[in-house]
>>> print(open('work36.cif').read())   # mmCIF, C-alpha atoms and all ligand atoms
data_structure
#
loop_
_atom_site.label_atom_id
_atom_site.label_comp_id
_atom_site.auth_asym_id
_atom_site.auth_seq_id
_atom_site.Cartn_x
_atom_site.Cartn_y
_atom_site.Cartn_z
CA MET A 1 -41.55 -44.75 -36.65
CA THR A 2 -43.98 -42.34 -35.05
CA ILE A 3 -43.50 -41.81 -31.33
CA ILE A 4 -46.81 -41.17 -29.65
CA VAL A 5 -46.79 -38.55 -26.94
CA PRO A 6 -50.24 -38.85 -25.33
CA GLU A 7 -51.04 -35.22 -24.54
CA PRO A 8 -49.60 -32.05 -26.03
CA ILE A 9 -47.67 -30.43 -23.21
CA LEU A 10 -47.70 -26.72 -22.54
CA SER A 11 -45.17 -25.33 -20.10
CA ASP A 12 -47.64 -22.83 -18.64
CA ASN A 13 -51.33 -23.43 -18.90
CA ASN A 14 -52.50 -20.10 -17.53
CA ASN A 15 -55.33 -18.85 -19.72
CA SER A 16 -54.43 -21.36 -22.41
CA GLU A 17 -57.03 -22.48 -24.90
CA ALA A 18 -56.32 -26.07 -23.83
CA GLU A 19 -57.20 -25.39 -20.25
CA ALA A 20 -60.25 -23.38 -21.14
CA LYS A 21 -61.45 -26.19 -23.37
CA GLU A 22 -60.83 -28.95 -20.85
CA GLU A 23 -62.75 -27.10 -18.21
CA GLY A 24 -65.50 -26.08 -20.60
CA ASN A 25 -64.62 -22.59 -19.48
CA VAL A 26 -66.69 -20.49 -21.86
CA ASP A 27 -66.33 -17.21 -20.03
CA GLY A 28 -66.65 -13.73 -21.52
CA SER A 29 -63.22 -13.75 -23.13
CA LEU A 30 -63.62 -16.93 -25.18
CA LYS A 31 -66.15 -18.07 -27.69
CA LEU A 32 -66.67 -21.48 -29.16
CA ASP A 33 -65.85 -21.87 -32.84
CA GLY A 34 -66.34 -25.39 -34.18
CA GLY A 35 -64.66 -27.03 -31.19
CA PHE A 36 -61.89 -24.46 -31.12
CA MET A 37 -61.79 -21.74 -28.50
CA VAL A 38 -61.23 -18.48 -30.30
CA PRO A 39 -59.92 -15.80 -27.95
CA ASP A 40 -61.35 -12.31 -28.49
CA ASN A 41 -58.06 -10.57 -27.87
CA ASN A 42 -54.41 -11.07 -28.68
CA ALA A 43 -51.56 -10.92 -26.15
CA PHE A 44 -51.58 -7.11 -26.34
CA GLY A 45 -55.28 -6.86 -25.47
CA ASN A 46 -56.33 -5.93 -29.02
CA SER A 47 -58.54 -7.82 -31.45
CA PHE A 48 -56.58 -10.11 -33.80
CA ARG A 49 -55.31 -8.69 -37.09
CA ASN A 50 -56.18 -5.16 -36.17
CA PHE A 51 -53.98 -3.14 -38.52
CA PHE A 52 -55.23 0.31 -37.55
CA ASN A 53 -55.20 0.20 -33.78
CA GLU A 54 -52.46 2.39 -32.25
CA SER A 55 -50.83 -0.62 -30.60
CA GLU A 56 -47.16 -0.94 -29.70
CA ARG A 57 -46.56 -2.88 -32.90
CA HIS A 58 -48.52 -0.59 -35.19
CA ALA A 59 -45.69 1.53 -36.67
CA ILE A 60 -43.38 -1.33 -37.51
CA VAL A 61 -46.17 -3.43 -39.01
CA MET A 62 -47.36 -0.56 -41.18
CA GLU A 63 -43.88 0.21 -42.42
CA THR A 64 -43.33 -3.43 -43.37
CA TYR A 65 -46.55 -3.41 -45.41
CA ARG A 66 -45.73 -0.05 -46.98
CA ARG A 67 -42.48 -1.42 -48.38
CA ASN A 68 -44.05 -4.74 -49.28
CA HIS A 69 -46.74 -3.04 -51.33
CA ILE A 70 -44.34 -0.75 -53.16
CA TYR A 71 -41.68 -3.32 -54.06
CA GLN A 72 -43.64 -6.53 -54.67
CA THR A 73 -44.06 -6.45 -58.45
CA TYR A 74 -44.70 -9.28 -60.88
CA GLU A 75 -41.14 -8.98 -62.09
CA PHE A 76 -39.69 -9.09 -58.59
CA ALA A 77 -41.69 -12.15 -57.54
CA THR A 78 -40.81 -13.99 -60.75
CA LYS A 79 -37.10 -13.37 -60.23
CA MET A 80 -37.19 -14.44 -56.60
CA LYS A 81 -39.05 -17.66 -57.43
CA GLU A 82 -36.42 -18.47 -60.01
CA GLU A 83 -33.47 -17.64 -57.76
CA TYR A 84 -34.68 -19.33 -54.56
CA GLY A 85 -36.32 -22.18 -56.45
CA LYS A 86 -32.79 -23.39 -57.24
CA LEU A 87 -32.55 -24.60 -53.64
CA ASP A 88 -28.81 -24.11 -53.68
CA LYS A 89 -28.44 -21.86 -50.63
CA ALA A 90 -28.11 -24.36 -47.79
CA GLU A 91 -28.42 -27.97 -46.75
CA MET A 92 -30.05 -28.75 -43.44
CA SER A 93 -32.74 -30.76 -41.70
CA VAL A 94 -36.21 -29.40 -40.99
CA TRP A 95 -35.40 -29.18 -37.29
CA GLU A 96 -32.17 -27.26 -37.92
CA CYS A 97 -34.25 -24.75 -39.81
CA CYS A 98 -36.71 -24.45 -36.89
CA ASP A 99 -33.73 -23.62 -34.69
CA LEU A 100 -32.56 -20.88 -37.03
CA LEU A 101 -35.91 -19.14 -36.65
CA ASN A 102 -35.28 -18.62 -32.98
CA GLU A 103 -33.71 -15.23 -33.59
CA PHE A 104 -36.44 -13.69 -35.75
CA VAL A 105 -39.54 -11.71 -34.89
CA ASP A 106 -42.05 -11.13 -37.71
CA GLU A 107 -42.40 -7.38 -38.30
CA SER A 108 -45.68 -7.71 -40.20
CA ASP A 109 -47.51 -9.31 -37.32
CA PRO A 110 -49.64 -7.18 -35.00
CA ASP A 111 -50.41 -10.19 -32.78
CA LEU A 112 -47.04 -11.64 -31.90
CA ASP A 113 -43.61 -10.40 -30.93
CA GLU A 114 -42.22 -13.77 -29.84
CA PRO A 115 -39.45 -15.54 -31.79
CA GLN A 116 -40.91 -17.51 -34.69
CA ILE A 117 -40.06 -20.91 -33.22
CA GLU A 118 -42.65 -20.22 -30.51
CA HIS A 119 -45.32 -19.60 -33.12
CA LEU A 120 -44.48 -22.83 -34.95
CA LEU A 121 -44.83 -24.90 -31.80
CA GLN A 122 -47.89 -23.04 -30.57
CA SER A 123 -49.79 -23.57 -33.79
CA ALA A 124 -48.69 -27.19 -34.20
CA GLU A 125 -49.68 -28.07 -30.63
CA ALA A 126 -53.04 -26.34 -31.05
CA VAL A 127 -53.80 -28.36 -34.21
CA ARG A 128 -52.69 -31.53 -32.48
CA ARG A 129 -55.10 -30.99 -29.66
CA ASP A 130 -58.14 -30.80 -31.95
CA TYR A 131 -57.04 -33.15 -34.76
CA PRO A 132 -55.04 -35.84 -32.94
CA ASP A 133 -55.15 -38.26 -35.88
CA GLU A 134 -54.06 -35.89 -38.66
CA ASP A 135 -50.33 -36.06 -38.06
CA TRP A 136 -49.66 -34.48 -41.48
CA LEU A 137 -51.51 -31.37 -40.28
CA HIS A 138 -49.40 -31.20 -37.11
CA LEU A 139 -46.27 -31.20 -39.23
CA THR A 140 -47.78 -28.74 -41.71
CA ALA A 141 -48.32 -26.34 -38.82
CA LEU A 142 -44.79 -26.85 -37.55
CA ILE A 143 -43.24 -26.03 -40.92
CA HIS A 144 -45.72 -23.58 -42.45
CA ASP A 145 -43.63 -20.50 -41.62
CA LEU A 146 -40.15 -22.02 -42.04
CA GLY A 147 -39.77 -19.99 -45.24
CA LYS A 148 -39.04 -17.04 -42.95
CA VAL A 149 -35.53 -18.44 -42.81
CA LEU A 150 -35.00 -16.15 -45.82
CA LEU A 151 -34.31 -13.50 -43.18
CA HIS A 152 -31.20 -15.41 -42.13
CA GLN A 153 -27.77 -14.41 -43.39
CA SER A 154 -27.26 -17.77 -45.14
CA PHE A 155 -30.08 -16.66 -47.44
CA GLY A 156 -28.71 -13.19 -47.99
CA ALA A 157 -30.61 -11.73 -45.00
CA GLN A 158 -33.68 -10.89 -47.07
CA PRO A 159 -35.70 -7.93 -45.83
CA GLN A 160 -38.90 -8.40 -43.84
CA TRP A 161 -41.05 -6.86 -46.60
CA SER A 162 -40.10 -9.63 -49.03
CA THR A 163 -40.44 -12.45 -46.51
CA VAL A 164 -43.42 -11.90 -44.21
CA GLY A 165 -46.93 -10.50 -44.31
CA ASP A 166 -50.05 -11.40 -46.26
CA THR A 167 -49.64 -12.36 -49.90
CA PHE A 168 -51.64 -11.42 -53.00
CA PRO A 169 -51.61 -12.22 -56.73
CA LEU A 170 -49.41 -10.23 -59.10
CA GLY A 171 -50.04 -9.68 -62.80
CA CYS A 172 -53.68 -8.71 -62.25
CA ALA A 173 -55.52 -5.91 -60.46
CA PHE A 174 -54.93 -5.43 -56.74
CA ASP A 175 -58.03 -5.94 -54.64
CA PRO A 176 -58.99 -3.43 -51.91
CA ALA A 177 -59.25 -6.40 -49.49
CA ILE A 178 -55.43 -6.49 -49.32
CA VAL A 179 -54.22 -5.26 -45.91
CA HIS A 180 -53.05 -1.63 -46.01
CA SER A 181 -54.10 -1.40 -49.64
CA GLN A 182 -53.67 2.37 -49.42
CA PHE A 183 -49.98 1.79 -50.20
CA ILE A 184 -50.62 -0.23 -53.34
CA LYS A 185 -51.01 2.79 -55.59
CA GLU A 186 -47.26 3.32 -55.22
CA ASN A 187 -46.61 -0.10 -56.75
CA PRO A 188 -45.54 0.34 -60.40
CA ASP A 189 -47.72 -2.63 -61.43
CA SER A 190 -50.83 -0.68 -60.47
CA LYS A 191 -50.14 1.55 -63.49
CA ASN A 192 -49.39 -1.29 -65.91
CA PRO A 193 -52.14 -1.41 -68.58
CA VAL A 194 -52.38 -5.22 -68.46
CA TYR A 195 -51.64 -5.93 -64.79
CA SER A 196 -54.17 -3.36 -63.66
CA THR A 197 -57.12 -5.17 -65.29
CA LYS A 198 -59.24 -7.64 -63.33
CA LEU A 199 -57.81 -10.77 -64.97
CA GLY A 200 -54.48 -9.27 -66.07
CA ILE A 201 -52.29 -12.02 -67.51
CA TYR A 202 -54.63 -14.77 -66.23
CA SER A 203 -57.85 -16.34 -67.43
CA GLU A 204 -61.00 -17.05 -65.47
CA SER A 205 -60.62 -20.18 -63.23
CA CYS A 206 -57.01 -20.69 -64.38
CA GLY A 207 -56.12 -22.25 -61.01
CA LEU A 208 -53.93 -20.82 -58.26
CA ASP A 209 -51.05 -23.04 -59.31
CA ASN A 210 -50.71 -20.79 -62.36
CA VAL A 211 -50.82 -17.55 -60.41
CA THR A 212 -47.69 -15.68 -59.35
CA MET A 213 -48.20 -14.57 -55.78
CA SER A 214 -46.24 -11.82 -54.04
CA TRP A 215 -42.96 -13.36 -52.96
CA GLY A 216 -42.52 -14.51 -49.39
CA HIS A 217 -42.21 -17.36 -46.94
CA ASP A 218 -45.28 -19.23 -48.26
CA GLU A 219 -44.09 -19.72 -51.81
CA TYR A 220 -40.53 -20.39 -50.70
CA MET A 221 -41.49 -23.13 -48.23
CA TYR A 222 -43.76 -24.66 -50.85
CA LEU A 223 -40.80 -24.81 -53.26
CA VAL A 224 -38.60 -26.34 -50.57
CA ALA A 225 -41.15 -29.02 -49.62
CA LYS A 226 -41.92 -29.91 -53.21
CA GLY A 227 -38.28 -29.77 -54.36
CA ASN A 228 -37.28 -32.19 -51.61
CA ASP A 229 -39.99 -34.72 -52.49
CA THR A 230 -41.94 -34.48 -49.27
CA LYS A 231 -44.42 -37.24 -48.57
CA LEU A 232 -46.89 -34.70 -47.20
CA PRO A 233 -50.25 -34.76 -49.05
CA PRO A 234 -51.26 -32.07 -51.61
CA GLU A 235 -53.52 -30.48 -48.98
CA ALA A 236 -50.45 -29.73 -46.86
CA LEU A 237 -48.64 -28.11 -49.77
CA PHE A 238 -51.69 -26.01 -50.55
CA VAL A 239 -51.94 -24.82 -46.95
CA ILE A 240 -48.26 -23.92 -46.85
CA ARG A 241 -48.45 -22.07 -50.16
CA PHE A 242 -51.58 -20.02 -49.54
CA HIS A 243 -51.90 -19.59 -45.79
CA SER A 244 -51.06 -15.85 -46.03
CA PHE A 245 -53.53 -15.19 -48.86
CA TYR A 246 -56.07 -13.57 -46.51
CA ALA A 247 -57.71 -11.54 -49.29
CA LEU A 248 -58.93 -14.88 -50.64
CA HIS A 249 -59.38 -17.14 -47.65
CA ARG A 250 -60.81 -14.50 -45.34
CA ASP A 251 -62.40 -11.94 -47.65
CA GLY A 252 -63.35 -14.04 -50.68
CA ALA A 253 -61.49 -11.82 -53.16
CA TYR A 254 -59.88 -13.33 -56.29
CA THR A 255 -62.12 -16.41 -56.28
CA TYR A 256 -62.33 -16.07 -60.08
CA LEU A 257 -58.75 -17.34 -60.29
CA MET A 258 -59.59 -20.61 -58.53
CA ASN A 259 -60.33 -23.90 -60.25
CA GLU A 260 -62.38 -26.78 -58.85
CA GLU A 261 -59.36 -28.37 -57.17
CA ASP A 262 -58.50 -25.11 -55.37
CA LYS A 263 -62.05 -24.87 -54.07
CA LYS A 264 -61.74 -28.29 -52.45
CA MET A 265 -58.34 -27.49 -51.00
CA LEU A 266 -59.41 -24.18 -49.54
CA LYS A 267 -61.28 -25.97 -46.78
CA TRP A 268 -57.96 -26.96 -45.23
CA VAL A 269 -56.66 -23.42 -45.30
CA HIS A 270 -59.76 -22.35 -43.40
CA ILE A 271 -59.25 -25.07 -40.80
CA PHE A 272 -55.56 -24.36 -40.48
CA ASN A 273 -56.00 -20.60 -40.27
CA LYS A 274 -57.73 -20.76 -36.88
CA TYR A 275 -54.73 -22.49 -35.37
CA ASP A 276 -52.23 -20.29 -37.14
CA LEU A 277 -53.85 -17.06 -36.02
CA TYR A 278 -55.48 -17.68 -32.67
CA SER A 279 -52.76 -19.80 -31.10
CA LYS A 280 -50.51 -16.73 -30.95
CA SER A 281 -49.98 -16.02 -27.29
CA LYS A 282 -47.41 -15.60 -24.55
CA VAL A 283 -47.94 -19.21 -23.45
CA ARG A 284 -44.72 -21.06 -24.20
CA VAL A 285 -44.57 -24.66 -25.35
CA ASP A 286 -42.09 -26.92 -23.58
CA LEU A 287 -39.76 -27.53 -26.50
CA GLU A 288 -37.82 -30.46 -25.06
CA LYS A 289 -40.99 -32.37 -24.23
CA VAL A 290 -42.56 -32.11 -27.66
CA LYS A 291 -39.40 -32.36 -29.75
CA PRO A 292 -39.30 -36.20 -30.03
CA TYR A 293 -42.82 -36.23 -31.44
CA TYR A 294 -42.06 -33.66 -34.13
CA LEU A 295 -38.75 -35.29 -35.01
CA SER A 296 -40.65 -38.50 -35.67
CA LEU A 297 -43.03 -36.67 -38.01
CA ILE A 298 -40.18 -34.99 -39.85
CA ASP A 299 -38.59 -38.39 -40.29
CA LYS A 300 -41.83 -39.78 -41.68
CA TYR A 301 -42.46 -37.05 -44.24
CA PHE A 302 -39.05 -35.61 -45.19
CA PRO A 303 -35.52 -36.75 -46.04
CA ALA A 304 -32.93 -36.28 -43.28
CA LYS A 305 -31.30 -33.32 -45.05
CA LEU A 306 -33.13 -30.93 -47.35
CA ARG A 307 -31.85 -28.60 -50.02
CA TRP A 308 -32.88 -25.00 -49.27
O1 LIG B 401 -48.06 -11.18 -40.18
C1 LIG B 401 -48.42 -12.44 -40.59
C2 LIG B 401 -47.26 -13.37 -40.66
O2 LIG B 401 -46.22 -12.88 -41.45
C3 LIG B 401 -47.69 -14.72 -41.10
O3 LIG B 401 -46.66 -15.65 -41.11
C4 LIG B 401 -48.38 -14.70 -42.41
O4 LIG B 401 -48.69 -15.98 -42.79
C5 LIG B 401 -49.58 -13.80 -42.29
O5 LIG B 401 -50.31 -13.79 -43.45
C6 LIG B 401 -49.15 -12.42 -41.89
O6 LIG B 401 -50.23 -11.60 -41.82
FE FE B 402 -47.06 -17.34 -42.37
FE FE B 403 -48.01 -18.65 -39.04
#
>>> encode(input="work36.cif", output="structure tokens")
Amino acid sequence: MTIIVPEPILSDNNNSEAEAKEEGNVDGSLKLDGGFMVPDNNAFGNSFRNFFNESERHAIVMETYRRNHIYQTYEFATKMKEEYGKLDKAEMSVWECCDLLNEFVDESDPDLDEPQIEHLLQSAEAVRRDYPDEDWLHLTALIHDLGKVLLHQSFGAQPQWSTVGDTFPLGCAFDPAIVHSQFIKENPDSKNPVYSTKLGIYSESCGLDNVTMSWGHDEYMYLVAKGNDTKLPPEALFVIRFHSFYALHRDGAYTYLMNEEDKKMLKWVHIFNKYDLYSKSKVRVDLEKVKPYYLSLIDKYFPAKLRW
């Protein structure tokens, strides 16, 4: 049964997108983007996804990407997919997993230093505001980053560089659109005679389902959702799996790997991305008020306990 909570509830509406939208408050700091108010600046006063600005998060973000780009090889990602695809590390509900994320801050993210649970609720509530009828998309937003639970000790406390950050294909040439691509030359795959060619081990339009992406929370959560027979639609799984693939969905790189199905699905990643990125703020969601609604969605789309 789905419990309907009429309005998404934010604990503090100061400067929130919701408030701005309700009041039609299109002042200098907000611009209208297809019904969604896109703020110009993040909580630190910088533009979003600015990886070169000397902000307080700059050093840690850069170091995370440096390691990510050196160690994410085709071989590494293949092994991790195999190991974590077994789903034999833990048994818990979706909500229990949300709770576990309370202790982690994403070290690849220049726009947010709040615990991850805040980001899950912020993005889900933002989607819910603009797409009230697409409950599957609310839940997709709530769970899209749950794969970051790999950082937790029950999953071997995986390092940040193998869990967070943007993702990119492995087994073919790295594209300069990848964030901090200056570090990629230190990746052994960049010297591999096959992997360093445009198509590498792939063929034109082979479909993203056949591409091995750098390992991280996207692919892991996709494996968890699929392996536990979620009732979420294929669009949701696609969003979860490729939401960090900015080189493609923002910069249009690697489109030659996509098939017709991927091209249709990509629309949802574009829609979702606005809520994922621009909902990041210091405005906290009132967890206890929204929890019953999300529990009802989890109940609708997932078994009570999942294998992780
Ligand atoms: O720093 C962020 C964060 O790790 C997100 O969860 C991921 O999806 C983004 O692609 C990345 O840039
Ligand atoms: Fe993510
Ligand atoms: Fe996210």
>>> atom_distance(input="work36.cif", atom1="CA of Ser214 (chain A)", atom2="CA of Tyr71 (chain A)")
9.6 Å
>>> residues_near_ligand(input="work36.cif", ligand="ligand FE 403 (chain B)", cutoff="12 Å", atoms="only C-alpha atoms and all ligand atoms", output="PyMOL selection string")
chain A and resi 105-106+108-109+111-112+114-124+140-148+164-166+217-218+239-245+269+272-280
>>> atom_distance(input="work36.cif", atom1="CA of Tyr74 (chain A)", atom2="CA of His270 (chain A)")
26.5 Å
>>> atom_distance(input="work36.cif", atom1="CA of Thr212 (chain A)", atom2="CA of Pro188 (chain A)")
16.2 Å
>>> axis_aligned_box(input="work36.cif", around="ligand LIG 401 (chain B)", padding_each_side="6 Å", output="JSON")
{"center_x": -48.3, "center_y": -13.6, "center_z": -41.8, "size_x": 16.1, "size_y": 16.8, "size_z": 15.3}
>>> residues_around(input="work36.cif", residues="region 250-260 of chain A", least_positions_apart="2", cutoff="8 Å", atoms="only C-alpha atoms", output="PyMOL selection string")
chain A and resi 175+177+202-208+211+246-248+262-264
>>> closest_residue(input="work36.cif", among="A:Gly156, A:Pro39, A:Gly216, A:Pro233", to="Thr78 (chain A)", atoms="all atoms listed in the file")
A:Gly216
>>> closest_residue(input="work36.cif", among="A:Leu137, A:Ile184, A:Leu101, A:Leu223", to="Glu82 (chain A)", atoms="all atoms listed in the file")
A:Leu223
>>> closest_residue(input="work36.cif", among="A:Thr73, A:Gln153, A:Glu54, A:Tyr222", to="ligand FE 402 (chain B)", atoms="all atoms listed in the file")
A:Tyr222
>>> closest_residue(input="work36.cif", among="A:Ala173, A:Ala90, A:Ile298, A:Met221", to="ligand FE 402 (chain B)", atoms="only C-alpha atoms and all ligand atoms")
A:Met221
>>> closest_residue(input="work36.cif", among="A:Pro176, A:Pro169, A:Pro110, A:Pro303", to="Met213 (chain A)", atoms="all atoms listed in the file")
A:Pro169
>>> closest_residue(input="work36.cif", among="A:Glu219, A:Glu75, A:Asp299, A:Glu91", to="ligand LIG 401 (chain B)", atoms="all atoms listed in the file")
A:Glu219
